[in-house]
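Student: Input structure: coords_18.txt, which contains compact mmCIF, C-alpha atoms.
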```
# COMPACT_ATOMS: atom_id res chain seq x y z
CA MET A 1 19.21 17.41 41.74
CA LEU A 2 18.11 13.92 40.73
CA GLU A 3 16.21 14.05 37.42
CA PHE A 4 14.60 11.67 34.94
CA LYS A 5 14.75 12.10 31.19
CA ILE A 6 12.55 10.09 28.78
CA ASP A 7 12.88 10.74 25.07
CA PHE A 8 9.23 9.87 24.29
CA PRO A 9 7.33 10.36 27.55
CA ASP A 10 3.91 10.04 25.86
CA ALA A 11 3.64 7.85 22.76
CA LEU A 12 2.21 4.67 21.27
CA ILE A 13 3.04 1.54 23.24
CA ASP A 14 5.24 0.10 20.48
CA ILE A 15 7.66 3.05 20.57
CA ASP A 16 11.06 2.39 22.14
CA ARG A 17 11.92 4.67 25.06
CA LYS A 18 15.28 5.81 26.38
CA ILE A 19 15.20 6.38 30.14
CA THR A 20 18.07 8.09 31.92
CA ILE A 21 18.64 9.60 35.35
CA SER A 22 21.10 12.36 36.15
CA GLY A 23 22.20 14.22 39.26
CA ALA A 24 23.21 11.33 41.48
CA PRO A 25 26.54 11.18 43.31
CA ALA A 26 29.16 9.27 41.35
CA ASP A 27 29.26 5.49 41.80
CA SER A 28 26.25 5.45 44.11
CA ASP A 29 23.33 3.06 44.47
CA VAL A 30 20.18 4.36 42.78
CA ILE A 31 16.89 2.61 43.53
CA ILE A 32 14.35 2.85 40.70
CA ARG A 33 10.72 1.80 41.06
CA SER A 34 7.85 1.55 38.59
CA LYS A 35 4.12 1.42 39.26
CA THR A 36 1.35 1.02 36.66
CA GLU A 37 -2.38 0.59 37.10
CA ARG A 38 -3.61 -2.00 34.61
CA ALA A 39 -7.34 -2.79 34.47
CA GLY A 40 -7.76 -1.68 38.08
CA GLN A 41 -4.77 -3.64 39.42
CA VAL A 42 -1.36 -2.31 40.41
CA TRP A 43 1.78 -3.72 38.79
CA ARG A 44 5.26 -2.94 40.15
CA SER A 45 8.96 -3.50 39.55
CA GLN A 46 12.14 -2.30 41.24
CA ILE A 47 15.87 -2.37 40.57
CA THR A 48 19.04 -1.00 42.12
CA VAL A 49 21.79 0.26 39.81
CA LYS A 50 25.09 2.08 40.23
CA SER A 51 25.42 5.59 38.85
CA ASN A 52 28.47 6.16 36.64
CA GLU A 53 31.35 8.53 37.36
CA SER A 54 29.22 11.42 36.10
CA GLY A 55 26.35 10.54 38.42
CA GLU A 56 24.17 9.26 35.56
CA VAL A 57 22.15 6.11 35.00
CA ASP A 58 21.22 4.96 31.50
CA LEU A 59 18.89 1.97 31.69
CA ALA A 60 20.05 0.81 28.26
CA VAL A 61 23.56 0.13 29.59
CA SER A 62 23.32 0.15 33.39
CA ILE A 63 23.29 -3.39 34.81
CA PRO A 64 21.08 -3.76 37.89
CA THR A 65 22.86 -5.09 40.95
CA SER A 66 19.58 -6.38 42.36
CA GLY A 67 15.85 -6.26 41.82
CA SER A 68 13.26 -7.41 39.31
CA TYR A 69 15.77 -8.10 36.54
CA THR A 70 19.54 -8.29 36.28
CA ALA A 71 20.55 -7.29 32.74
CA ALA A 72 20.77 -3.87 31.14
CA ASN A 73 17.54 -3.09 29.30
CA PRO A 74 16.00 0.29 28.46
CA MET A 75 12.43 -0.93 29.14
CA GLY A 76 13.15 -3.65 31.69
CA LEU A 77 11.13 -1.87 34.38
CA ILE A 78 8.03 -2.45 32.22
CA TYR A 79 8.85 -6.01 31.16
CA ALA A 80 9.57 -7.17 34.72
CA GLN A 81 6.47 -5.74 36.35
CA GLN A 82 4.38 -8.11 38.46
CA ALA A 83 0.85 -7.60 39.68
CA GLU A 84 0.24 -7.14 43.40
CA ASN A 85 -2.70 -9.52 42.94
CA ALA A 86 -1.12 -12.74 41.70
CA ALA A 87 -4.36 -13.80 39.99
CA THR A 88 -4.34 -10.76 37.70
CA GLN A 89 -3.97 -11.48 34.00
CA GLU A 90 -5.21 -8.32 32.28
CA LEU A 91 -2.54 -5.93 30.99
CA PHE A 92 -4.80 -3.23 29.53
CA HIS A 93 -7.77 -1.13 30.52
CA SER A 94 -11.18 -2.00 29.09
CA SER A 95 -11.02 1.05 26.81
CA VAL A 96 -8.18 1.14 24.30
CA HIS A 97 -8.27 4.94 24.46
CA HIS A 98 -7.42 4.77 28.18
CA ALA A 99 -3.64 5.17 28.23
CA LEU A 100 -1.29 3.32 30.55
CA HIS A 101 0.54 5.67 32.91
CA THR A 102 3.65 4.29 34.59
CA GLU A 103 4.94 6.22 37.59
CA LEU A 104 8.73 6.10 37.82
CA GLU A 105 10.55 6.99 41.02
CA ALA A 106 14.30 7.18 41.66
CA GLN A 107 15.99 7.47 45.04
CA CYS A 108 19.65 7.95 45.91
CA ASN A 109 20.52 8.77 49.50
CA GLU A 110 18.30 11.78 50.29
CA LEU A 111 17.69 12.64 46.66
CA GLU A 112 14.45 11.73 44.88
CA ALA A 113 13.00 12.14 41.38
CA LYS A 114 9.65 11.24 39.86
CA THR A 115 8.16 11.18 36.37
CA VAL A 116 5.45 9.47 34.32
CA LEU A 117 5.82 7.35 31.19
CA THR A 118 2.62 7.13 29.13
CA GLN A 119 1.90 4.30 26.68
CA ARG A 120 -1.05 4.45 24.28
CA LEU A 121 -2.74 1.65 22.37
CA ALA A 122 -4.52 4.00 19.98
CA GLN A 123 -3.86 7.41 18.53
CA ASP A 124 -6.51 9.93 19.52
CA ALA A 125 -7.86 10.13 15.96
CA VAL A 126 -8.42 6.37 15.63
CA GLN A 127 -12.17 5.71 15.56
CA ARG A 128 -13.73 2.80 17.43
CA VAL A 129 -17.02 1.61 15.91
CA GLU A 130 -19.09 -1.19 17.42
CA ILE A 131 -20.51 -3.44 14.71
CA ASN A 132 -23.72 -5.44 14.95
CA GLU A 133 -25.08 -5.64 11.43
CA ALA A 134 -25.36 -7.98 8.48
CA GLY A 135 -25.12 -10.91 10.87
CA LEU A 136 -21.68 -9.83 12.11
CA LYS A 137 -20.52 -8.63 15.52
CA GLY A 138 -17.28 -6.99 16.50
CA VAL A 139 -15.44 -3.69 16.77
CA LEU A 140 -13.98 -1.83 13.81
CA PHE A 141 -11.01 0.48 14.32
CA ILE A 142 -10.53 3.07 11.60
CA PRO A 143 -7.21 4.94 11.12
CA ALA A 144 -7.09 8.71 11.23
CA SER A 145 -6.43 9.17 7.51
CA SER A 146 -9.39 9.76 5.21
CA ALA A 147 -7.64 7.89 2.38
CA ALA A 148 -8.40 4.23 1.64
CA GLN A 149 -6.49 1.94 4.02
CA PRO A 150 -5.63 -1.76 3.85
CA ALA A 151 -7.50 -3.88 6.37
CA VAL A 152 -6.88 -6.68 8.87
CA ILE A 153 -9.42 -8.98 10.52
CA VAL A 154 -8.26 -9.66 14.08
CA LEU A 155 -9.33 -12.99 15.57
CA LYS A 156 -9.66 -13.79 19.27
CA ARG A 157 -7.00 -15.76 21.14
CA HIS A 158 -9.76 -18.03 22.44
CA ALA A 159 -13.45 -18.08 21.56
CA ASP A 160 -14.50 -17.60 25.19
CA GLN A 161 -12.26 -14.57 25.69
CA PRO A 162 -12.99 -10.90 24.90
CA LEU A 163 -12.12 -9.37 21.56
CA ASP A 164 -8.45 -8.53 21.05
CA GLU A 165 -9.21 -4.81 20.84
CA SER A 166 -5.73 -3.80 21.95
CA GLN A 167 -4.16 -5.55 18.96
CA ALA A 168 -6.74 -4.12 16.57
CA ALA A 169 -6.31 -0.59 17.94
CA LEU A 170 -2.55 -0.76 17.46
CA TYR A 171 -2.98 -2.02 13.89
CA ALA A 172 -5.22 0.99 13.27
CA SER A 173 -2.63 3.31 14.78
CA ARG A 174 -0.17 1.91 12.23
CA GLY A 175 -2.48 2.62 9.29
CA TYR A 176 -4.65 -0.50 8.97
CA ALA A 177 -8.43 -0.61 9.32
CA ALA A 178 -8.76 -3.41 11.88
CA PHE A 179 -11.91 -5.43 12.50
CA ALA A 180 -11.85 -7.31 15.82
CA LEU A 181 -14.34 -10.03 14.97
CA ASP A 182 -16.62 -11.55 17.60
CA TYR A 183 -17.80 -15.18 17.65
CA GLU A 184 -18.80 -17.76 20.25
CA LEU A 185 -17.25 -20.97 18.92
CA MET A 186 -13.79 -21.68 17.56
CA PRO A 187 -13.98 -23.93 14.46
CA ASP A 188 -11.35 -26.66 14.34
CA VAL A 189 -9.04 -27.55 11.48
CA SER A 190 -11.59 -29.93 9.95
CA ALA A 191 -14.35 -27.31 9.71
CA THR A 192 -16.22 -27.17 6.39
CA THR A 193 -16.75 -24.05 4.31
CA GLU A 194 -20.37 -24.03 5.50
CA GLN A 195 -19.23 -24.01 9.14
CA LEU A 196 -16.83 -21.18 8.33
CA ALA A 197 -19.35 -19.09 6.38
CA TYR A 198 -19.44 -16.43 9.13
CA PHE A 199 -15.74 -15.72 8.63
CA SER A 200 -16.04 -15.67 4.84
CA HIS A 201 -18.89 -13.16 5.19
CA ALA A 202 -16.67 -10.93 7.35
CA PHE A 203 -14.21 -10.49 4.44
CA ASP A 204 -17.02 -9.62 2.02
CA TRP A 205 -18.65 -7.20 4.44
CA LEU A 206 -15.40 -5.42 5.29
CA ARG A 207 -14.49 -4.91 1.64
CA GLU A 208 -17.94 -3.50 0.95
CA LYS A 209 -17.96 -1.38 4.12
CA ILE A 210 -14.61 0.41 3.81
CA SER A 211 -13.30 -0.30 0.27
CA PRO A 212 -9.79 -1.13 1.50
CA LYS A 213 -6.70 -0.04 -0.39
CA ASN A 214 -5.80 -2.55 -3.13
CA HIS A 215 -8.77 -4.68 -1.92
CA PHE A 216 -6.35 -5.83 0.79
CA VAL A 217 -7.80 -7.70 3.78
CA ALA A 218 -5.43 -9.83 5.88
CA VAL A 219 -6.31 -12.05 8.83
CA SER A 220 -4.34 -12.09 12.08
CA GLY A 221 -4.58 -14.45 15.03
CA TYR A 222 -2.71 -15.66 18.12
CA GLU A 223 -3.08 -19.05 19.83
CA ASP A 224 -6.46 -20.58 18.84
CA GLY A 225 -6.94 -17.58 16.59
CA ALA A 226 -3.71 -18.42 14.78
CA GLU A 227 -4.97 -21.85 13.80
CA LEU A 228 -8.29 -20.32 12.75
CA ALA A 229 -6.44 -17.75 10.62
CA LEU A 230 -4.68 -20.59 8.78
CA VAL A 231 -7.94 -22.51 8.29
CA VAL A 232 -9.76 -19.45 6.95
CA GLY A 233 -6.81 -18.61 4.71
CA VAL A 234 -6.87 -22.09 3.18
CA GLN A 235 -10.65 -22.42 2.87
CA PHE A 236 -11.22 -18.94 1.43
CA ALA A 237 -7.88 -18.36 -0.27
CA ALA A 238 -9.26 -16.02 -2.92
CA LYS A 239 -10.60 -13.66 -0.24
CA VAL A 240 -7.62 -13.62 2.15
CA SER A 241 -4.81 -11.25 1.14
CA ALA A 242 -2.34 -12.42 3.80
CA VAL A 243 -2.24 -14.60 6.93
CA ILE A 244 -0.52 -13.85 10.24
CA ALA A 245 -0.54 -16.78 12.67
CA CYS A 246 1.31 -16.60 15.99
CA GLU A 247 1.63 -19.52 18.43
CA ALA A 248 -1.03 -21.76 16.90
CA THR A 249 -2.46 -24.30 19.33
CA ALA A 250 -3.11 -26.89 16.62
CA GLU A 251 -2.95 -30.65 16.97
CA VAL A 252 0.71 -31.03 16.07
CA LEU A 253 0.42 -34.78 15.54
CA GLN A 254 -1.31 -34.05 12.23
CA PRO A 255 0.80 -31.27 10.75
CA TYR A 256 -0.28 -31.98 7.19
CA LEU A 257 -3.99 -31.75 7.88
CA LEU A 258 -4.07 -28.24 6.45
CA ALA A 259 -3.32 -27.80 2.76
CA VAL A 260 -1.40 -24.60 3.41
CA GLU A 261 -0.08 -24.56 -0.16
CA ALA A 262 -3.60 -23.50 -1.19
CA LEU A 263 -3.02 -20.02 0.30
CA GLN A 264 -3.08 -17.29 -2.32
CA GLY A 265 -1.14 -14.69 -0.43
CA PRO A 266 1.82 -14.14 1.92
CA LEU A 267 2.10 -16.04 5.20
CA LEU A 268 3.81 -15.04 8.44
CA LEU A 269 4.19 -17.54 11.28
CA ALA A 270 5.63 -16.88 14.73
CA SER A 271 6.43 -19.20 17.62
CA GLY A 272 8.75 -19.71 20.54
CA GLN A 273 11.17 -22.59 20.20
CA GLN A 274 9.79 -24.04 23.45
CA HIS A 275 6.18 -23.85 22.22
CA SER A 276 4.35 -26.71 20.47
CA ALA A 277 3.70 -24.43 17.50
CA SER A 278 7.41 -24.54 16.65
CA ALA A 279 7.27 -28.15 15.43
CA TYR A 280 3.94 -27.51 13.72
CA TYR A 281 5.27 -24.51 11.85
CA GLN A 282 8.38 -26.40 10.80
CA SER A 283 6.10 -28.95 9.16
CA ILE A 284 4.16 -26.17 7.46
CA GLY A 285 7.40 -24.69 6.11
CA GLU A 286 8.48 -28.08 4.79
CA ARG A 287 5.12 -28.59 3.10
CA LEU A 288 5.26 -25.16 1.46
CA GLU A 289 8.76 -25.87 0.17
CA GLN A 290 7.67 -29.22 -1.25
CA HIS A 291 4.82 -27.57 -3.13
CA GLY A 292 6.84 -24.60 -4.39
CA PHE A 293 4.85 -21.93 -2.56
CA ASP A 294 5.03 -18.75 -4.66
CA TYR A 295 4.23 -16.14 -2.02
CA ASN A 296 6.29 -14.50 0.69
CA PHE A 297 6.69 -16.89 3.62
CA GLN A 298 8.24 -15.78 6.91
CA TRP A 299 8.64 -17.86 10.05
CA TYR A 300 9.99 -16.43 13.30
CA ASP A 301 10.97 -19.03 15.89
CA PHE A 302 12.27 -17.28 18.98
CA GLU A 303 14.93 -18.82 21.19
CA GLY A 304 14.19 -18.97 24.91
CA VAL A 305 10.45 -18.34 24.42
CA ALA A 306 7.76 -20.80 25.53
CA GLY A 307 4.68 -18.67 24.92
CA GLY A 308 3.06 -15.29 25.41
CA LEU A 309 3.91 -13.50 22.15
CA GLN A 310 2.35 -10.05 22.05
CA PHE A 311 3.11 -6.60 20.71
CA PRO A 312 6.07 -4.87 22.42
CA HIS A 313 6.71 -3.10 25.69
CA VAL A 314 4.33 -4.95 27.99
CA PRO A 315 5.06 -7.02 31.12
CA THR A 316 6.17 -10.53 30.18
CA THR A 317 6.30 -12.05 33.66
CA LEU A 318 3.05 -13.99 33.14
CA HIS A 319 4.81 -16.23 30.63
CA ALA A 320 8.31 -16.50 32.10
CA ASN A 321 9.92 -18.43 34.93
CA ASN A 322 13.00 -16.24 35.39
CA THR A 323 14.40 -12.85 34.42
CA ALA A 324 16.23 -14.27 31.39
CA GLN A 325 12.93 -15.51 29.98
CA VAL A 326 11.26 -12.19 30.82
CA LEU A 327 13.76 -10.30 28.69
CA ALA A 328 13.89 -12.95 25.94
CA LEU A 329 10.12 -12.75 25.46
CA ALA A 330 10.22 -8.96 25.55
CA GLN A 331 12.86 -8.92 22.81
CA ALA A 332 10.85 -11.42 20.77
CA ASN A 333 7.72 -9.28 21.07
CA LYS A 334 9.55 -6.24 19.79
CA ALA A 335 11.16 -8.08 16.88
CA LEU A 336 7.89 -9.80 15.94
CA TRP A 337 5.70 -6.70 15.95
CA PHE A 338 7.88 -4.72 13.59
CA SER A 339 8.35 -7.80 11.41
CA ILE A 340 4.54 -8.05 11.17
CA ILE A 341 4.21 -4.39 10.19
CA GLY A 342 6.96 -4.75 7.57
CA PHE A 343 5.34 -7.95 6.30
CA LEU A 344 2.00 -6.19 5.90
CA HIS A 345 3.51 -3.17 4.15
CA GLN A 346 5.20 -5.48 1.64
CA ALA A 347 2.03 -7.52 1.14
CA VAL A 348 -0.03 -4.38 0.45
CA ALA A 349 2.52 -3.21 -2.10
CA GLU A 350 2.48 -6.62 -3.79
CA ALA A 351 -1.33 -6.56 -3.88
CA ALA A 352 -1.16 -3.28 -5.81
CA ALA A 353 1.03 -4.91 -8.45
CA GLY A 354 -0.87 -8.18 -8.74
CA LYS A 355 -4.36 -9.56 -8.85
CA PRO A 356 -6.56 -8.31 -5.99
CA ASN A 357 -8.22 -10.78 -3.64
CA ASP A 358 -11.92 -10.29 -4.35
```
Translate this file's structure into structure tokens.
Tutor:
Amino acid sequence: MLEFKIDFPDALIDIDRKITISGAPADSDVIIRSKTERAGQVWRSQITVKSNESGEVDLAVSIPTSGSYTAANPMGLIYAQQAENAATQELFHSSVHHALHTELEAQCNELEAKTVLTQRLAQDAVQRVEINEAGLKGVLFIPASSAAQPAVIVLKRHADQPLDESQAALYASRGYAAFALDYELMPDVSATTEQLAYFSHAFDWLREKISPKNHFVAVSGYEDGAELALVVGVQFAAKVSAVIACEATAEVLQPYLLAVEALQGPLLLASGQQHSASAYYQSIGERLEQHGFDYNFQWYDFEGVAGGLQFPHVPTTLHANNTAQVLALAQANKALWFSIIGFLHQAVAEAAAGKPND
């Protein structure tokens, strides 16, 4: 009997999964298909692999002979998914508490097997609270624990796009109160403190609202939000405990426009080597070295990646031209996410030992 086995069939999206199939004839072609509904649209992938001499397929080591990707990868069926509607961009449902259910189907001769892999953006106990008070708008995600938690302000990728609730929900599931902040305009790198007052107020409000552990409030952003995170971190250094900036879309011809050495906390940068942010971040690193930056500085510059950094185990086909790029971006997403979580854990611990950012 053909049978699937998944070690974590229902878990947070950032959890690695091991997918195996048993019960096939030895050295036989096994066709494996995936199907996921994402924001009302169907995404699919398919591969053909050979079973081993024991009639088993382990996606971590089995090399597809044809299909959506052609290298062994335990989660390749997710990474290589493409939408039936080519115009589709959304990867997640509108509600972060609406899990993603991927139907897996295997076929070998007359044998068939089916199962479901479930990925969640938020633990059930994570609270989602819409905020419209004190002149601020957004959505606050509160971890399950009743103890004081460190906090992260999550900026939008672009001002005209929806809040990055998926990112905030996953932060909350990893123990951080996460405030997905709403705003209509994206200040540029030359914005004054007066023009950035809304963002400064968000730090004050969040500290008063939830009393975060060690007074810790970081800021996290991707794309336009990454540049904004750097600007806010520089302009309000005493309020910003740490900065996470991934794939900034800054004007790279003026890499020294930001006085990044003014930051008063750790800094994590992430880019693909084929993205314009790579050269920008190199200049930032050089400037920090010249000024003897005293805080933890980490820069991840991923080979074979042009754009599309995200948390792990999502389709990467929207940002890749071939299967090699699909898997390279997927690997980068995985490495980056757990580097971010480790970075934050270290920053919180350092905040406990040093002067809090009030």
Student: Could you check which of A:Val231, A:Val314, A:Ile15, A:Val243 is closest to Leu268 (chain A), using all atoms listed in the file?
Tutor: A:Val243
Student: For region 210-326 of chain A versus region 139-162 of chain A, which residues have an atom no more than 6 Å away, and what is each residue's nearest atom pair and distance in Å rounded to one decimal, using all atoms listed in the file, chain-then-number order, as a tab-separated table?
Tutor:
```
residue	atom	partner	partner_atom	distance
A:Pro212	CA	A:Pro150	CA	4.8
A:Lys213	CA	A:Pro150	CA	4.7
A:Phe216	CA	A:Pro150	CA	5.1
A:Val217	CA	A:Ala151	CA	4.6
A:Ala218	CA	A:Val152	CA	4.6
A:Val219	CA	A:Ile153	CA	4.7
A:Ser220	CA	A:Val154	CA	5.0
A:Gly221	CA	A:Leu155	CA	5.0
A:Tyr222	CA	A:Arg157	CA	5.2
A:Glu223	CA	A:Arg157	CA	5.3
A:Asp224	CA	A:Arg157	CA	5.4
A:Gly225	CA	A:Arg157	CA	4.9
```
Student: Please, could you write that set of residues out with C-alpha atoms as a compact mmCIF listing (two decimals), keeping the file's coordinate frame?
Tutor:
```
# COMPACT_ATOMS: atom_id res chain seq x y z
CA PRO A 212 -9.79 -1.13 1.50
CA LYS A 213 -6.70 -0.04 -0.39
CA PHE A 216 -6.35 -5.83 0.79
CA VAL A 217 -7.80 -7.70 3.78
CA ALA A 218 -5.43 -9.83 5.88
CA VAL A 219 -6.31 -12.05 8.83
CA SER A 220 -4.34 -12.09 12.08
CA GLY A 221 -4.58 -14.45 15.03
CA TYR A 222 -2.71 -15.66 18.12
CA GLU A 223 -3.08 -19.05 19.83
CA ASP A 224 -6.46 -20.58 18.84
CA GLY A 225 -6.94 -17.58 16.59
```
Student: Give me the residues within 8 Å of Asp10 (chain A) as a PyMOL selection string, counting all atoms listed in the file and dropping any in the same chain fewer than 5 places off.
Tutor: chain A and resi 117-120
Student: How many Å separate CA of Glu53 (chain A) from CA of Asp29 (chain A)?
Tutor: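 So the answer is 12.0 Å.
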Student: Could you check the closest approach to Arg287 (chain A) for each of A:Asn321, A:Ala180, A:Glu261, A:Leu163 and tell me which residue wins, using only C-alpha atoms?
Tutor: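 Nearest candidate to Arg287 (chain A) out of A:Asn321, A:Ala180, A:Glu261, A:Leu163: A:Glu261.
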Student: Applying 9 Å and all atoms listed in the file, which residues near His201 (chain A) remain after dropping the ones on its own chain fewer than 6 positions away? List them as a ChimeraX atom specification.
Tutor: /A:134-136
Student: Taking all atoms listed in the file into account, which of A:Asn296, A:Asn52, A:Gln282, A:Ser34 comes nearest Gly67 (chain A)?
Tutor: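 Going through A:Asn296, A:Asn52, A:Gln282, A:Ser34 one by one, the smallest distance to Gly67 (chain A) is for A:Ser34.
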Student: Write out as a list in words each polymer residue whose atoms come within 10 Å of Gly307 (chain A), counting only C-alpha atoms; drop sequence neighbours fewer than 2 positions from it.
Tutor: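 My reading of the contact set: Glu223, Cys246, Glu247, Ser271, Gly272, Gln273, Gln274, His275, Ser276, Ala277, Phe302, Gly304, Val305, Leu309, Gln310, Thr316, Leu318, His319, Ala320 and Leu329 of chain A.
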Student: For Phe338 (chain A), work out the shell of residues within 12 Å, counting all atoms listed in the file and skipping chain neighbours fewer than 2 positions away, then give it as a VMD selection string.
Tutor: chain A and resid 14 to 16 170 to 171 174 300 310 to 312 331 to 336 340 to 345
Student: To one decimal place in Å, what is the distance between CA of Thr36 (chain A) and CA of Ala71 (chain A)?
Tutor: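 Computing it gives 21.3 Å between the two atoms.
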Student: Ranking A:Ser94, A:Gln82, A:Thr115, A:Gln346 by minimum distance to Ile19 (chain A) and counting only C-alpha atoms, which one comes first?
Tutor: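 Closest candidate: A:Thr115.
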Student: Can you pull out the residues contacting Phe4 (chain A)? Cut-off 12 Å, using all atoms listed in the file, and skip same-chain residues under 6 positions away; I want them as a list in words.
Tutor: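 After dropping sequence-adjacent residues, the list is Lys18, Ile19, Thr20, Ile21, Ser22, Gly23, Ala24, Ile32, Glu56, Val57, Asp58, Leu59, Glu103, Leu104, Glu105, Ala106, Gln107, Glu112, Ala113, Lys114, Thr115, Val116 and Leu117 of chain A.
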Student: Give as a list in words the set of residues within 7 Å of the point (17.8, 1.0, 26.4), where distances use the file's coordinates and all atoms listed in the file.
Tutor: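 The requested residues, written out, are Lys18, Leu59, Ala60, Val61, Asn73, Pro74 and Met75 of chain A.
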Student: Any chance you can output those residues with C-alpha atoms as a PDB file, keeping the file's coordinate frame?
Tutor:
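again.pdb was written with the following content:
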```pdb
ATOM      1  CA  LYS A  18      15.280   5.810  26.380  1.00  0.00           C
ATOM      2  CA  LEU A  59      18.890   1.970  31.690  1.00  0.00           C
ATOM      3  CA  ALA A  60      20.050   0.810  28.260  1.00  0.00           C
ATOM      4  CA  VAL A  61      23.560   0.130  29.590  1.00  0.00           C
ATOM      5  CA  ASN A  73      17.540  -3.090  29.300  1.00  0.00           C
ATOM      6  CA  PRO A  74      16.000   0.290  28.460  1.00  0.00           C
ATOM      7  CA  MET A  75      12.430  -0.930  29.140  1.00  0.00           C
TER       8      MET A  75
END
```
Student: So how many Å separate CA of Leu267 (chain A) and CA of Lys209 (chain A), to one decimal?
Tutor: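 Taking CA of Leu267 (chain A) and CA of Lys209 (chain A), their separation equals 24.9 Å.
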Student: When distances are computed from all atoms listed in the file, which of A:Glu3, A:Glu350, A:Asp294, A:Asp301 shows the smallest separation from Tyr281 (chain A)?
Tutor: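 Using all atoms listed in the file, the shortest distance to Tyr281 (chain A) belongs to A:Asp301.
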Student: Of the candidates A:Val348, A:Val49, A:Ala83, A:Ala242, which shows the shortest atom-to-atom distance to Pro315 (chain A), using all atoms listed in the file?
Tutor: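 Closest candidate: A:Ala83.
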Student: Residues proximal to (-9.2, -22.5, 6.5) were defined as those with any atom within 9 Å of that point in the file's coordinates, counting only C-alpha atoms. Which are they, as a list in words?
Tutor: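 Collected hits near the coordinates: Val189, Ser190, Ala191, Thr192, Thr193, Leu196, Glu227, Leu228, Ala229, Leu230, Val231, Val232, Gly233, Val234, Gln235, Phe236, Ala237, Leu258, Ala259 and Val260 of chain A.
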Student: May I have the selected residues written with C-alpha atoms, as a CSV table (one decimal), keeping the file's coordinate frame?
Tutor:
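What ended up in result.csv:
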```csv
chain,number,residue,atom,x,y,z
A,189,VAL,CA,-9.0,-27.6,11.5
A,190,SER,CA,-11.6,-29.9,10.0
A,191,ALA,CA,-14.4,-27.3,9.7
A,192,THR,CA,-16.2,-27.2,6.4
A,193,THR,CA,-16.8,-24.0,4.3
A,196,LEU,CA,-16.8,-21.2,8.3
A,227,GLU,CA,-5.0,-21.8,13.8
A,228,LEU,CA,-8.3,-20.3,12.8
A,229,ALA,CA,-6.4,-17.8,10.6
A,230,LEU,CA,-4.7,-20.6,8.8
A,231,VAL,CA,-7.9,-22.5,8.3
A,232,VAL,CA,-9.8,-19.4,7.0
A,233,GLY,CA,-6.8,-18.6,4.7
A,234,VAL,CA,-6.9,-22.1,3.2
A,235,GLN,CA,-10.6,-22.4,2.9
A,236,PHE,CA,-11.2,-18.9,1.4
A,237,ALA,CA,-7.9,-18.4,-0.3
A,258,LEU,CA,-4.1,-28.2,6.4
A,259,ALA,CA,-3.3,-27.8,2.8
A,260,VAL,CA,-1.4,-24.6,3.4
```
